[in-house]
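Presented below is the structure to which this report refers.
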Amino acid sequence: MDDVEKAILISFDESGAIDSELKSQAVNFCQKIKENPSICSLCIEKLRFCKLVQVQFWCLQALHEVIRVKYGSMSLEEKNFIRKSIFSMACLEGIDDKMCAVLDSPAFIKNKLSQVLVTLIYFEYPLIWSSVFVDFLPHLSKGAVVIDMFSRILNALDDELVSMDYPRTPEEVAVAGRVKDAMRNQCVPQIVRAWYDIVSMYRNSDPEICATVLDCMRRYVSWIDIGLIVNDAFIPLLFELILVDGSSEQLRAAAAGCVLAVVSKRMDAQSKLSLLKSLQISRVFGLVSDDNDSELVSGIAALITGYAVEVLECSKRVSSEDAKVVSTELLDEVLPTVFYVMQNCEMDAAFSIVQFLSGYVATMKSLSPLQENKMLHISQILEVICAQIRYDPMYRNNLDILDKIGVEEENRMSEFRKDLFVLLRNVGRVAPEVTRIFIRNSLANAITSSSDKNVEEVEAALSLLYALGESMNGEAMKVGNGLLSELVTNLLSTRFPCHSNRVVALVYLETIARYMKFIQENVQYIPLVLAAFLDERGIHHPNIYVSHRASYLFMRVVKLLKSKLVPFIETILQSLQDVVSRFTSMNFVSKEPTGSEDGAHIFEAIGLLIGMEDVPLEKQSDYLSSLLTPLCQQVEATLINSKVLNPEESTLQIANIQQIIGAINALSKGFSERLVTSSRPAIGHMFKQTLDVLLQILVVFPKVEPLRTKVLSFVHRMVDTLGASVFPYLPKALEQLLAESEPKEMVGFLLLLNQLMCKFSTLVRDILEEVFPTIAGRVFSVIQRVADSSGPEINTEEIRELQELQKTLYTFLHVIATHDLSSVFLSPRSRDYLNSIMQLLLHSSCHHKDMVTRKACVQIFVKLIKDWCASSSGEEKVPGFKSFIIETFGTNCCLYSVLDKSFEFGDANTLVLFGEILLAQKVMYEKFGDDFLVHFVSKGFPSVHCPQNLAEQYCQKLKDGDMKALRSFYQSLIEHLRHQQNGSLVFR
């Protein structure tokens, strides 16, 4: 063994026994060898004699790289040497048995050799090396070793160059076209003849090599002359191979693959139909009824599916009546086997079969009424759907406890079912009655099936019923019919033996919720619906996932039925008493992570029920008091004892209070502002008392962020519920919320103020004037902090929070300006921040990356100009503001920022911003007249080299007041100025 071989072995070593430094030296040594001018000779010499596979692979890899990268710079002599040597190795030409090391090597070495040969073909065929294929054919008589190598070369040619299954460069596409054209003209018939002879000769003695040849041939059928395969010799041979019982499964499957390639060949519809008919494909139907897991059955299943797809395509494309009759006959013949295949065979073609069936159902849309055989096919398609959507019983426990495997299986099935449910909807449109009868029977069969199958059958039948409801529009469901009524009655009145199983219980509840529009019109079913949600099938189900989902769905049901549930309120509250008491009894904390959310849904449902005006006031007060009083008492007791709680108790109580606030918040959603302020103020008084209690939390736990967030959320809720009567509580609430707020909390605080301004407008001026200085001081210092800092000490989460705060600040300032509250900026305590606000808005209106934010800033300026600047030249309301607008905002925002290349007129948001900028110019002209115009035209335009005639035209357009004409002119002016500058001036 020489140094080169040792270095290659060391570089490939993965055992860990070799010193890393030695390995690194070996890799470097091997790399340097590749740069040697005689590398090709060295590699070929090694390949002839060395039997070490690592050395063989390294040499072939090196040859492949050299040819691919340096072919153009090689000498003629070197090219001839490489070509002759590689060809000799591949076909054992002029080499005795002691020297054919490569063809005795493992498959990956032979594949690498074929890749090297194909690289030569890429550069040399047919112009330089025209005889490569013809020269190879005589060597096939040497037996299986060379036949196998020839097949590998053709496969590599397909993989590396010809097949369009891989992305190709335009150059590769051109070379592929050149190679295929040359092969078709020169050698394809001989190659096909060789394939036929090999398969005929070796079918009994070496079925494996025959399968290899047929797998190779299958790849080429799509682009060679189909007459070379579809003839009286080859097609009978292929079918003979498929049908001979006891023969090699691999060979039979390979023959089926070739027939599938013939079937899938692109051609004229009429010719294709004739071809499909001539194949007499029914000969293979019987083969799918044997061992359904075998390679042969998978191959036959794929063939039958592919054949059915092609017949269907032909039926759409042929025009003559005779051809349509033929295609219909062929479809009718193959469909039963397609249905069998889909229900019984393990195969990768399930998705393509769904597509095929969808296409087939689509052809029936124009047929009315459907013939008997079409009705039969519809029933079979429904059987297929039902079988395919069924879970495998092996996952039953995983799905019930929802472990990792259960989650994966549920997600996989959810994705897999999507296309099947689309197919079901299409079938339902073509044959609605047949579909409903099938679903009714599926449900009936599932109910009576044996317990070992029960779970999966029931779940599938309920899923079909759910999917049916999903495809019905609201009107059809409201009207209903006899069968729909029967389906819903069966659903509501059935108690399945497997109802304790999670997947069954969930789909059962989802299906009831799906048909609520029917229930709305048929109120006689309401008691059955309530029973399903309130007993152990729903909210009281032993599985926590089911009870949580039932709580949410029940809340949605209550929203839909609302006043129709008034007679049942007592019953409902009685059923939910144990769930409610978990929250109203002292010191309850749910051990479940979603417990509070679960409770919130229940309380929201109760709030919707008892918050209706249909409920008498006395009853309403009793109901509400029985819920709010114990909840508030819990909070008060915790607040009184807060100082004596140890850390563990404190954590528990904080979690408890969070859940209580969530429950009260949800409960209040059912009460309208009109009810609690006008018609029944006593109810409003109860909520005010509750608000009083909950605001104490901010005093006792001033720094507990989750509690502050919950209280803030409740204040939001009370603004909506109590309306203006919430005002007396706001100063205290806002003071406490503002006292300890971090940037993330400040966002929530600003959103509350936005809500108040949008709801009450100028009524909140005094409140806003009180809190604005504190907000401005805190927010500007925080924003400045992030602007001043850089480096790893500022983490991305903090930056994200500050960006969110900045975004909310713009909205806050915009709401102030647009709700007639701009005087807040001018109050004595706020004036200190006026300059900072103006500079922020100016910078953002010119440079912010988000065009929507820029638009908001421009709109703020427009509103401030209208509010603070009188048309007549009197005393300035805000000294210096007019000159700031004319000299700074006008030119920077309305001219320079628009000239910047970041201002793209092709963007929709930018065009909206452009409209606001034009409006700003109009308003400035209306308020300031020539003071604005003279400065804009005499100072701004010359700085960007605007021609005098265009400046004059601008003045005229602005004075005319036609915004559409001004917009069109100003855009063309900006584009002209940009073109004139040609990038030499950067506007900032």
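Letters for chains follow the order of the structure tokens (A, B, ...), residue numbers begin at 1 for each chain, and ligand numbers begin at 1 in the order shown.
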
* **Nearby residues (only C-alpha atoms) at most 8 Å from region 753-758 of chain A, same-chain spacing under 6 positions excluded, as a PyMOL selection string** => chain A and resi 716+719+764+768+812+815-816+819

* Apply DSSP to the backbone of this structure and, from region 463-676 of chain A, keep only the residues in alpha helix (DSSP H); write these as JSON, numbers by chain. => {"A": [463, 464, 465, 466, 467, 468, 469, 470, 471, 474, 475, 476, 477, 478, 479, 482, 483, 484, 485, 486, 487, 488, 489, 490, 491, 492, 493, 502, 503, 504, 505, 506, 507, 508, 509, 510, 511, 512, 513, 514, 516, 517, 518, 519, 520, 521, 526, 527, 528, 529, 530, 531, 532, 533, 534, 544, 545, 546, 547, 548, 549, 550, 551, 552, 553, 554, 555, 556, 557, 558, 559, 560, 561, 569, 570, 571, 572, 573, 574, 575, 577, 578, 579, 580, 581, 582, 583, 584, 595, 596, 597, 598, 599, 600, 601, 602, 603, 604, 605, 606, 607, 608, 609, 610, 617, 618, 619, 620, 621, 622, 623, 624, 625, 626, 627, 628, 629, 630, 631, 632, 633, 634, 635, 636, 637, 638, 639, 640, 641, 647, 648, 649, 650, 651, 652, 653, 654, 655, 656, 657, 658, 659, 660, 661, 662, 663, 664, 665, 666, 667, 668, 673, 674]}

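Closest approach to Gly723 (chain A) among A:Val676, A:Leu973, A:Met217, A:Val284: A:Val676, based on only C-alpha atoms.
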
* Structure fact -> With distances taken over only C-alpha atoms, the candidate from A:Val937, A:Val558, A:His979, A:Arg537 nearest Glu952 (chain A) is A:Val937

* Asked: Which neighbours of His139 (chain A) fall inside 12 Å, counting only C-alpha atoms, when residues of the same chain fewer than 6 positions from it are skipped, and could you give them as a ChimeraX atom specification?
  -> /A:87-94,132-133,145-150,194

Ala444 (chain A) surroundings by only C-alpha atoms, 12 Å radius, close-in-sequence under 4 positions cut, as a PDB file with C-alpha atoms, in the first residue's frame:
```pdb
ATOM      1  CA  ILE A 437     -78.531   7.697   3.517  1.00  0.00           C
ATOM      2  CA  PHE A 438     -74.964   6.342   3.511  1.00  0.00           C
ATOM      3  CA  ILE A 439     -74.016   8.499   6.517  1.00  0.00           C
ATOM      4  CA  ARG A 440     -77.200   7.483   8.364  1.00  0.00           C
ATOM      5  CA  THR A 448     -74.337  -1.731  16.728  1.00  0.00           C
ATOM      6  CA  SER A 449     -70.779  -2.838  15.840  1.00  0.00           C
ATOM      7  CA  ASN A 454     -66.483   0.498  18.003  1.00  0.00           C
ATOM      8  CA  GLU A 457     -66.085   3.118  13.412  1.00  0.00           C
ATOM      9  CA  VAL A 458     -68.091   5.554  15.545  1.00  0.00           C
ATOM     10  CA  ALA A 461     -69.210   7.855  11.102  1.00  0.00           C
ATOM     11  CA  LEU A 462     -69.474  11.002  13.256  1.00  0.00           C
ATOM     12  CA  LEU A 465     -71.780  13.552   9.625  1.00  0.00           C
ATOM     13  CA  GLU A 486     -83.578  11.915  11.484  1.00  0.00           C
ATOM     14  CA  LEU A 487     -79.765  12.247  11.467  1.00  0.00           C
ATOM     15  CA  ASN A 490     -80.178   9.946  16.111  1.00  0.00           C
ATOM     16  CA  LEU A 491     -77.077  11.951  16.961  1.00  0.00           C
ATOM     17  CA  THR A 494     -77.570   8.123  21.078  1.00  0.00           C
ATOM     18  CA  PHE A 496     -72.305   5.352  22.402  1.00  0.00           C
TER      19      PHE A 496
END
```

* Which polymer residues have any atom within 12 Å of an atom of Thr638 (chain A), counting only C-alpha atoms, with same-chain residues fewer than 2 positions away left out, as an MDAnalysis selection string? -> chainID A and resid 586:587 631:636 640:645 649:658 660 693:694 696:697 700:701

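For the residues A:Glu570, A:Glu475, A:Glu208, A:Asp419, ranking by smallest atom-to-atom distance to Gln620 (chain A) using only C-alpha atoms places A:Glu570 first.
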
* To do: Mind giving me the straight-line distance from CA of Glu801 (chain A) to CA of Asp850 (chain A) in Å, one decimal?
  => 17.0 Å

Produce a table with one row for each residue of region 900-984 of chain A that has an atom at most 10 Å from any atom of region 871-894 of chain A, each row naming the nearest atom pair and its distance in Å at one decimal; use only C-alpha atoms; arrange rows by chain and rising residue number; format as CSV.
```
residue,atom,partner,partner_atom,distance
A:Phe914,CA,A:Cys894,CA,8.7
A:Glu916,CA,A:Cys894,CA,9.6
A:Ile917,CA,A:Cys894,CA,5.8
A:Leu918,CA,A:Cys894,CA,7.5
A:Leu919,CA,A:Cys894,CA,10.0
A:Ala920,CA,A:Cys894,CA,8.0
A:Gln921,CA,A:Cys894,CA,7.3
A:Met924,CA,A:Ile886,CA,7.7
A:Tyr925,CA,A:Ser871,CA,9.7
A:Glu926,CA,A:Ser871,CA,7.2
A:Lys927,CA,A:Ser871,CA,4.7
A:Phe928,CA,A:Ser871,CA,6.7
A:Gly929,CA,A:Ser871,CA,8.5
A:Asp931,CA,A:Ile886,CA,7.8
A:Phe932,CA,A:Ile886,CA,5.5
A:Leu933,CA,A:Ile886,CA,8.7
A:Val934,CA,A:Ile886,CA,9.8
A:His935,CA,A:Glu887,CA,7.1
A:Phe936,CA,A:Thr891,CA,6.4
A:Val937,CA,A:Thr891,CA,9.4
A:Lys939,CA,A:Thr891,CA,8.4
A:Gly940,CA,A:Thr891,CA,5.7
A:Phe941,CA,A:Thr891,CA,8.7
A:Ser943,CA,A:Thr891,CA,10.0
```

* What is the distance, in Å and to one decimal place, between CA of Ser38 (chain A) and CA of Arg152 (chain A)? -> 28.0 Å

Do a neighbour search on Asp181 (chain A) at 12 Å with only C-alpha atoms, toss out local chain neighbours closer than 2 positions, and write the hits as a CSV table (one decimal) with C-alpha atoms, in the first residue's frame.
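Produced file around24.csv, reproduced below:
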```
chain,number,residue,atom,x,y,z
A,125,TYR,CA,-22.1,13.2,-27.1
A,126,PRO,CA,-22.9,13.1,-30.0
A,162,VAL,CA,-32.7,13.9,-18.9
A,174,ALA,CA,-30.4,22.3,-24.0
A,175,VAL,CA,-27.9,19.5,-23.6
A,176,ALA,CA,-30.6,17.0,-22.6
A,177,GLY,CA,-32.5,17.9,-25.8
A,178,ARG,CA,-29.4,17.4,-27.8
A,179,VAL,CA,-28.6,14.0,-26.2
A,183,MET,CA,-30.1,8.9,-29.2
A,184,ARG,CA,-33.5,8.7,-30.9
A,185,ASN,CA,-31.8,9.1,-34.3
A,186,GLN,CA,-28.9,6.8,-33.7
A,187,CYS,CA,-29.4,4.1,-31.1
A,188,VAL,CA,-32.7,3.9,-29.3
A,223,TRP,CA,-39.6,10.2,-24.6
A,224,ILE,CA,-38.8,7.4,-27.0
A,225,ASP,CA,-41.0,6.3,-29.9
```

* Extract, using only C-alpha atoms, all DNA, RNA and protein residues at most 12 Å from Val199 (chain A), discarding same-chain residues fewer than 4 positions from it, and format them as a ChimeraX atom specification. => /A:144,147,192-195,203-215,217,233-234,237-238,240-241,251-252,254-255

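Between Arg83 (chain A) and the candidates A:Tyr166, A:Phe12, A:Phe533, A:Trp129, the tightest atom-to-atom separation, counting only C-alpha atoms, involves A:Trp129.
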